[in-house]
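**Q** query20.csv is the file, holding CSV, C-alpha atoms:
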chain,number,residue,atom,x,y,z
A,1,MET,CA,22.5,2.1,-12.5
A,2,THR,CA,23.1,3.2,-8.9
A,3,ALA,CA,22.9,0.7,-6.1
A,4,MET,CA,19.6,0.5,-4.5
A,5,THR,CA,19.4,1.4,-0.8
A,6,SER,CA,17.3,-0.8,1.4
A,7,SER,CA,14.9,2.1,2.1
A,8,GLY,CA,12.3,2.5,-0.5
A,9,THR,CA,8.7,3.3,-0.9
A,10,ALA,CA,6.0,0.6,-0.8
A,11,THR,CA,4.2,0.3,-4.1
A,12,VAL,CA,0.4,0.0,-4.0
A,13,THR,CA,-1.7,-1.3,-6.8
A,14,LEU,CA,-5.3,-2.6,-7.1
A,15,PRO,CA,-5.0,-5.8,-9.3
A,16,THR,CA,-8.8,-6.5,-9.2
A,17,ASP,CA,-11.9,-5.0,-7.7
A,18,GLU,CA,-11.4,-6.9,-4.4
A,19,GLN,CA,-7.7,-6.7,-4.0
A,20,ILE,CA,-5.0,-4.3,-2.8
A,21,LEU,CA,-1.3,-5.3,-3.5
A,22,ILE,CA,1.6,-3.9,-1.6
A,23,THR,CA,5.1,-4.6,-2.7
A,24,ARG,CA,8.4,-3.7,-1.1
A,25,GLU,CA,12.0,-4.9,-1.5
A,26,PHE,CA,14.3,-5.5,1.5
A,27,ASP,CA,18.0,-5.7,1.8
A,28,ALA,CA,17.9,-9.0,3.7
A,29,PRO,CA,17.4,-12.7,2.9
A,30,LYS,CA,13.8,-14.0,3.2
A,31,HIS,CA,14.2,-16.0,6.3
A,32,LEU,CA,15.1,-12.9,8.2
A,33,VAL,CA,12.1,-10.9,6.8
A,34,TYR,CA,9.9,-13.9,7.7
A,35,LYS,CA,11.4,-13.9,11.2
A,36,ALA,CA,10.9,-10.2,11.7
A,37,TRP,CA,7.3,-10.7,10.5
A,38,THR,CA,6.5,-13.7,12.8
A,39,THR,CA,8.3,-12.9,16.1
A,40,PRO,CA,6.2,-10.9,18.5
A,41,GLU,CA,9.0,-8.9,20.1
A,42,LEU,CA,10.3,-7.9,16.6
A,43,VAL,CA,6.8,-7.1,15.3
A,44,LYS,CA,6.4,-4.7,18.2
A,45,ARG,CA,9.4,-2.7,16.9
A,46,TRP,CA,8.1,-2.0,13.4
A,47,TRP,CA,4.4,-2.7,13.0
A,48,SER,CA,3.1,0.7,14.2
A,49,GLY,CA,5.4,2.7,11.9
A,50,ASP,CA,5.4,6.3,13.1
A,51,ARG,CA,1.8,6.2,14.3
A,52,GLY,CA,2.2,4.9,17.8
A,53,GLU,CA,3.4,2.1,20.0
A,54,VAL,CA,2.5,-1.6,19.7
A,55,THR,CA,1.3,-2.7,23.1
A,56,ILE,CA,0.2,-6.2,22.2
A,57,ALA,CA,1.6,-8.6,19.6
A,58,GLU,CA,0.4,-12.2,19.9
A,59,ILE,CA,1.3,-14.7,17.3
A,60,ASP,CA,0.3,-18.4,17.4
A,61,LEU,CA,2.0,-19.4,14.2
A,62,ARG,CA,0.2,-22.5,13.1
A,63,VAL,CA,-2.7,-23.2,10.8
A,64,GLY,CA,-5.8,-22.4,12.8
A,65,GLY,CA,-3.8,-20.3,15.2
A,66,THR,CA,-4.6,-16.7,15.8
A,67,TRP,CA,-2.7,-13.4,15.9
A,68,ARG,CA,-3.6,-10.1,17.4
A,69,TYR,CA,-1.8,-6.7,17.3
A,70,VAL,CA,-2.9,-3.7,19.3
A,71,MET,CA,-1.4,-0.3,18.8
A,72,VAL,CA,-1.9,2.9,20.8
A,73,ALA,CA,-1.9,5.7,18.4
A,74,SER,CA,-1.5,9.4,19.1
A,75,GLY,CA,-4.3,10.7,21.3
A,76,ASP,CA,-4.5,7.4,23.2
A,77,LEU,CA,-6.6,5.8,20.5
A,78,GLU,CA,-6.3,2.0,20.7
A,79,VAL,CA,-6.4,0.3,17.3
A,80,GLY,CA,-6.6,-3.5,17.2
A,81,PHE,CA,-6.4,-6.1,14.5
A,82,HIS,CA,-6.6,-9.9,14.7
A,83,GLY,CA,-7.0,-12.9,12.5
A,84,GLU,CA,-6.4,-16.5,12.0
A,85,TYR,CA,-3.6,-18.3,10.1
A,86,ARG,CA,-4.9,-20.3,7.2
A,87,GLU,CA,-1.7,-21.4,5.5
A,88,ILE,CA,2.0,-21.3,6.6
A,89,VAL,CA,5.0,-22.2,4.5
A,90,PRO,CA,8.0,-21.1,6.6
A,91,ASN,CA,10.1,-18.4,4.9
A,92,GLU,CA,7.9,-18.6,1.8
A,93,ARG,CA,4.2,-17.8,2.4
A,94,ILE,CA,1.7,-16.9,5.0
A,95,VAL,CA,-2.0,-16.7,4.4
A,96,SER,CA,-4.1,-15.3,7.2
A,97,THR,CA,-7.4,-13.4,7.8
A,98,GLU,CA,-7.4,-9.9,9.2
A,99,VAL,CA,-10.2,-8.2,11.0
A,100,PHE,CA,-10.0,-4.5,12.0
A,101,GLU,CA,-11.4,-4.3,15.6
A,102,GLY,CA,-12.6,-0.9,14.7
A,103,ILE,CA,-13.5,2.4,16.2
A,104,PRO,CA,-17.1,3.1,16.9
A,105,GLY,CA,-19.0,3.8,13.7
A,106,VAL,CA,-16.4,2.3,11.4
A,107,PRO,CA,-17.4,-1.3,10.4
A,108,GLY,CA,-14.5,-3.6,9.5
A,109,GLY,CA,-14.9,-6.5,7.1
A,110,GLU,CA,-12.6,-9.5,7.2
A,111,ALA,CA,-9.8,-9.5,4.7
A,112,LEU,CA,-7.6,-12.4,3.5
A,113,ASN,CA,-3.9,-11.5,3.4
A,114,THR,CA,-1.4,-13.5,1.5
A,115,LEU,CA,2.3,-12.7,2.1
A,116,THR,CA,4.8,-14.0,-0.4
A,117,PHE,CA,8.6,-13.8,0.3
A,118,THR,CA,10.8,-14.0,-2.8
A,119,GLU,CA,14.5,-13.9,-2.5
A,120,VAL,CA,16.8,-12.6,-5.3
A,121,ASP,CA,20.5,-12.3,-4.7
A,122,GLY,CA,20.2,-12.0,-0.9
A,123,ARG,CA,17.4,-9.4,-1.2
A,124,THR,CA,13.7,-10.1,-0.5
A,125,ILE,CA,10.7,-9.0,-2.4
A,126,LEU,CA,7.7,-9.0,-0.1
A,127,GLU,CA,4.2,-9.0,-1.6
A,128,ILE,CA,1.2,-8.5,0.5
A,129,LEU,CA,-2.0,-9.2,-1.2
A,130,VAL,CA,-5.1,-8.0,0.7
A,131,GLU,CA,-8.3,-9.5,-0.5
A,132,HIS,CA,-11.7,-8.3,0.6
A,133,THR,CA,-14.8,-10.3,0.2
A,134,ASP,CA,-16.3,-7.8,-2.2
A,135,LYS,CA,-15.6,-4.5,-3.9
A,136,GLU,CA,-17.8,-2.6,-1.5
A,137,THR,CA,-15.7,-3.6,1.5
A,138,ARG,CA,-12.5,-2.8,-0.2
A,139,ASP,CA,-13.8,0.6,-1.2
A,140,MET,CA,-15.0,1.2,2.3
A,141,VAL,CA,-11.4,0.6,3.5
A,142,ILE,CA,-10.1,3.0,0.9
A,143,GLU,CA,-12.7,5.6,2.0
A,144,THR,CA,-11.8,5.1,5.6
A,145,GLY,CA,-8.2,5.4,4.8
A,146,MET,CA,-8.8,8.7,3.1
A,147,GLU,CA,-10.6,10.0,6.1
A,148,ALA,CA,-7.8,8.8,8.4
A,149,GLY,CA,-5.2,10.3,6.2
A,150,MET,CA,-7.0,13.6,6.2
A,151,GLN,CA,-7.3,13.4,10.0
A,152,GLU,CA,-3.6,12.8,10.3
A,153,SER,CA,-2.9,15.8,8.1
A,154,MET,CA,-5.1,17.9,10.3
A,155,ASP,CA,-3.4,16.7,13.4
A,156,HIS,CA,-0.1,17.5,11.9
A,157,LEU,CA,-1.3,20.9,10.9
A,158,GLU,CA,-2.5,21.5,14.5
A,159,GLN,CA,0.9,20.6,15.9
A,160,VAL,CA,2.6,23.1,13.6
A,161,ALA,CA,0.1,25.7,14.5
A,162,VAL,CA,0.7,25.1,18.2
A,163,SER,CA,4.4,25.3,17.8
A,164,LEU,CA,4.1,28.6,16.0
A,165,GLY,CA,1.8,30.0,18.7
B,166,MET,CA,-20.8,7.5,1.8
B,167,ALA,CA,-22.6,8.8,-1.2
B,168,ARG,CA,-19.3,9.8,-2.8
B,169,ALA,CA,-17.8,6.4,-2.2
B,170,ALA,CA,-18.7,4.8,-5.5
B,171,THR,CA,-17.4,7.7,-7.6
B,172,THR,CA,-14.1,8.0,-5.8
B,173,ALA,CA,-13.5,4.2,-5.8
B,174,ASP,CA,-14.4,3.9,-9.4
B,175,ALA,CA,-11.9,6.6,-10.2
B,176,PHE,CA,-9.4,4.7,-8.1
B,177,ASN,CA,-10.0,1.5,-10.1
B,178,ALA,CA,-9.6,3.4,-13.3
B,179,VAL,CA,-6.3,4.9,-12.1
B,180,ALA,CA,-4.9,1.7,-10.5
B,181,GLU,CA,-4.6,-0.1,-13.9
B,182,PRO,CA,-0.9,-0.1,-14.8
B,183,ARG,CA,-1.3,1.0,-18.4
B,184,ARG,CA,-3.7,3.8,-17.4
B,185,ARG,CA,-1.1,4.9,-14.8
B,186,GLU,CA,1.4,5.2,-17.6
B,187,ILE,CA,-1.0,7.3,-19.7
B,188,LEU,CA,-1.5,9.6,-16.7
B,189,ASP,CA,2.2,9.8,-16.2
B,190,VAL,CA,2.6,10.9,-19.8
B,191,LEU,CA,-0.2,13.4,-19.6
B,192,ALA,CA,1.3,14.8,-16.4
B,193,GLY,CA,4.0,16.2,-18.7
B,194,GLY,CA,1.4,18.1,-20.7
B,195,GLU,CA,-1.5,17.8,-23.1
B,196,ARG,CA,-1.1,15.1,-25.8
B,197,PRO,CA,-3.0,13.8,-28.9
B,198,VAL,CA,-3.8,10.1,-29.0
B,199,ASN,CA,-1.0,9.4,-31.5
B,200,ASP,CA,1.6,10.6,-29.1
B,201,LEU,CA,0.3,8.1,-26.5
B,202,VAL,CA,0.3,5.3,-29.0
B,203,ARG,CA,3.9,6.0,-29.9
B,204,LEU,CA,5.2,6.6,-26.4
B,205,LEU,CA,3.5,3.6,-24.8
B,206,GLY,CA,3.8,1.1,-27.6
B,207,LEU,CA,0.1,0.2,-27.5
B,208,THR,CA,-2.3,0.1,-30.4
B,209,GLN,CA,-4.7,3.0,-31.0
B,210,PRO,CA,-7.8,1.0,-30.0
B,211,GLN,CA,-6.1,0.0,-26.7
B,212,VAL,CA,-5.1,3.6,-25.9
B,213,SER,CA,-8.6,4.8,-26.9
B,214,LYS,CA,-10.2,2.3,-24.6
B,215,HIS,CA,-8.0,3.3,-21.6
B,216,LEU,CA,-8.7,7.0,-22.4
B,217,ARG,CA,-12.4,6.3,-22.4
B,218,VAL,CA,-12.3,4.8,-18.9
B,219,LEU,CA,-10.2,7.7,-17.6
B,220,ARG,CA,-12.6,10.2,-19.1
B,221,GLU,CA,-15.6,8.4,-17.6
B,222,VAL,CA,-14.3,9.0,-14.1
B,223,GLY,CA,-13.1,12.5,-14.9
B,224,ALA,CA,-9.4,11.7,-14.6
B,225,VAL,CA,-8.7,13.2,-18.0
B,226,ASP,CA,-10.3,15.9,-20.1
B,227,VAL,CA,-10.4,16.2,-23.8
B,228,ARG,CA,-10.7,19.1,-26.3
B,229,ASP,CA,-10.7,19.3,-30.0
B,230,GLU,CA,-8.1,21.4,-31.8
B,231,GLY,CA,-8.7,21.3,-35.5
B,232,ARG,CA,-8.8,17.6,-36.4
B,233,ARG,CA,-6.9,16.5,-33.4
B,234,ARG,CA,-8.3,15.5,-30.0
B,235,LEU,CA,-6.0,16.6,-27.2
B,236,TYR,CA,-6.1,14.9,-23.8
B,237,ARG,CA,-5.0,16.3,-20.5
B,238,LEU,CA,-5.0,15.4,-16.9
B,239,ASN,CA,-7.7,16.6,-14.6
B,240,GLY,CA,-5.7,17.1,-11.4
B,241,HIS,CA,-8.8,18.1,-9.4
B,242,ALA,CA,-10.5,14.8,-10.0
B,243,LEU,CA,-7.4,12.9,-9.2
B,244,LYS,CA,-6.5,14.6,-5.9
B,245,PRO,CA,-8.5,12.4,-3.5
B,246,ILE,CA,-7.0,9.2,-5.1
B,247,HIS,CA,-3.6,10.7,-5.1
B,248,ASP,CA,-4.0,11.5,-1.4
B,249,TRP,CA,-5.2,8.1,-0.6
B,250,VAL,CA,-2.4,6.3,-2.4
B,251,LYS,CA,0.1,8.6,-0.8
B,252,THR,CA,-1.3,8.1,2.7
B,253,TYR,CA,-1.5,4.3,2.3
B,254,GLU,CA,1.9,4.0,0.7
B,255,ARG,CA,3.3,6.3,3.4
B,256,SER,CA,1.9,4.3,6.3
B,257,TRP,CA,3.4,1.1,4.8
B,258,SER,CA,6.6,2.8,4.0
B,259,GLU,CA,6.9,4.0,7.6
B,260,ARG,CA,6.4,0.4,8.8
B,261,PHE,CA,8.9,-0.9,6.3
B,262,ASP,CA,11.5,1.7,7.2
B,263,ARG,CA,11.4,0.4,10.8
B,264,LEU,CA,11.5,-3.1,9.5
B,265,ASP,CA,14.7,-2.2,7.6
B,266,VAL,CA,16.3,-1.4,11.0
B,267,VAL,CA,15.2,-4.6,12.5
B,268,LEU,CA,16.4,-6.6,9.5
B,269,ALA,CA,19.8,-4.9,9.5
B,270,GLU,CA,20.3,-6.0,13.1
B,271,LEU,CA,19.2,-9.5,12.4
B,272,LYS,CA,21.6,-9.7,9.5
B,273,GLU,CA,24.5,-8.4,11.6
B,274,LYS,CA,23.7,-10.8,14.3
B,275,GLU,CA,23.5,-13.7,11.9
B,276,GLN,CA,26.8,-12.8,10.2
B,277,GLY,CA,28.4,-12.5,13.6
B,278,ASP,CA,27.1,-16.0,14.5
B,279,ASP,CA,28.4,-17.4,11.2
B,280,GLY,CA,31.8,-15.9,12.1
B,281,ASP,CA,31.8,-17.8,15.4
B,282,ASP,CA,31.1,-21.1,13.7
B,283,GLU,CA,33.9,-20.8,11.2
Show this structure as structure tokens.
**A**
Amino acid sequence: MTAMTSSGTATVTLPTDEQILITREFDAPKHLVYKAWTTPELVKRWWSGDRGEVTIAEIDLRVGGTWRYVMVASGDLEVGFHGEYREIVPNERIVSTEVFEGIPGVPGGEALNTLTFTEVDGRTILEILVEHTDKETRDMVIETGMEAGMQESMDHLEQVAVSLG
Amino acid sequence: MARAATTADAFNAVAEPRRREILDVLAGGERPVNDLVRLLGLTQPQVSKHLRVLREVGAVDVRDEGRRRLYRLNGHALKPIHDWVKTYERSWSERFDRLDVVLAELKEKEQGDDGDDE
């Protein structure tokens, strides 16, 4: 078996009607993954992925404390999420709510996110369980995601078209 | 949103790990039920139950050839789901790729600090 590199794809499954589970392994011990996840200046460096820039990352890491991330995506679209911490076990587990602040016309239900950090031989398996209140809300998120994905593809296509022209 | 239920139901059907395995096998070509039973190590009733769910959402098609029933993927029905999973996985993978960079730095820093302590 060849050695695994740290870079891998996230695995997405739907364990039940209300849930989405994202799993990814990292080449770092869990206290560092936890640190990168809970330190505002570090979150700012990765949370937006390739989609924009994180302009706000506020984390009040205590039960009952709140978090809020805002990203400016391409086309100056501001996308915000916020929530409240429900359970915190340092380096092990974080349970928090997540509300999509939305773009006009797209309602956002509150999800409950459970992060679990499991360390094996210095590597960390991170599981993010996203639970919606009902199947309809989850499906709406999926539908919205499909539309967003299509929009992104169209934007990309447009860029290619412009570069050719 | 009229399409939502259909697409999401198909998504549920496909998200079940065993059904994903069936789809993986069928991605390699048309197969009778017996092949699936053998390849997946499931019982025939289990495979038949999964195939029924997949057929209901249009993810697989079936045709009779003599006494055999042959199952095949319906790529057209699966495309929206495939697109969603890919988009969702990609957006998380992009985040995680950046997180990898942050983690590599944290690791290096920590190892450096350990060295100082020794």
**Q** Pick out the chain B residues within 6 Å of chain A. Count only C-alpha atoms. Give them as a short mmCIF file (atom, residue, chain, number, x, y, z; two decimals) with C-alpha atoms, in the coordinates of the input.
**A**
data_model
loop_
_atom_site.label_atom_id
_atom_site.label_comp_id
_atom_site.auth_asym_id
_atom_site.auth_seq_id
_atom_site.Cartn_x
_atom_site.Cartn_y
_atom_site.Cartn_z
CA ALA B 173 -13.50 4.20 -5.80
CA ALA B 180 -4.90 1.70 -10.50
CA TRP B 249 -5.20 8.10 -0.60
CA THR B 252 -1.30 8.10 2.70
CA GLU B 254 1.90 4.00 0.70
CA SER B 258 6.60 2.80 4.00
CA GLU B 259 6.90 4.00 7.60
CA ARG B 260 6.40 0.40 8.80
CA ARG B 263 11.40 0.40 10.80
CA LEU B 264 11.50 -3.10 9.50
#
**Q** Which distance in Å separates atom CA of Glu131 of chain A and atom CA of Gly109 of chain A, to one decimal?
**A** 10.5 Å
**Q** Report the distance between atom CA of Thr97 of chain A and atom CA of Glu270 of chain B in Å, rounded to one decimal place.
**A** 29.2 Å
**Q** To one decimal place in Å, what is the distance between atom CA of Ala242 of chain B and atom CA of His132 of chain A?
**A**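 These atoms are spaced 25.4 Å apart.
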**Q** Tell me which of A:Ile59, A:Thr38, A:Thr137, A:Leu112 sits closest to Leu21 of chain A, counting all atoms listed in the file.
**A**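 Ranked by minimum distance to Leu21 of chain A, first place goes to A:Leu112.
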**Q** Just the residues within 9 Å of segment 220-227 of chain B, please, counting all atoms listed in the file, with nothing from its chain fewer than 6 positions along; format it as number ranges by chain.
**A** B: 171-172, 174-176, 178-179, 188, 191, 234-243
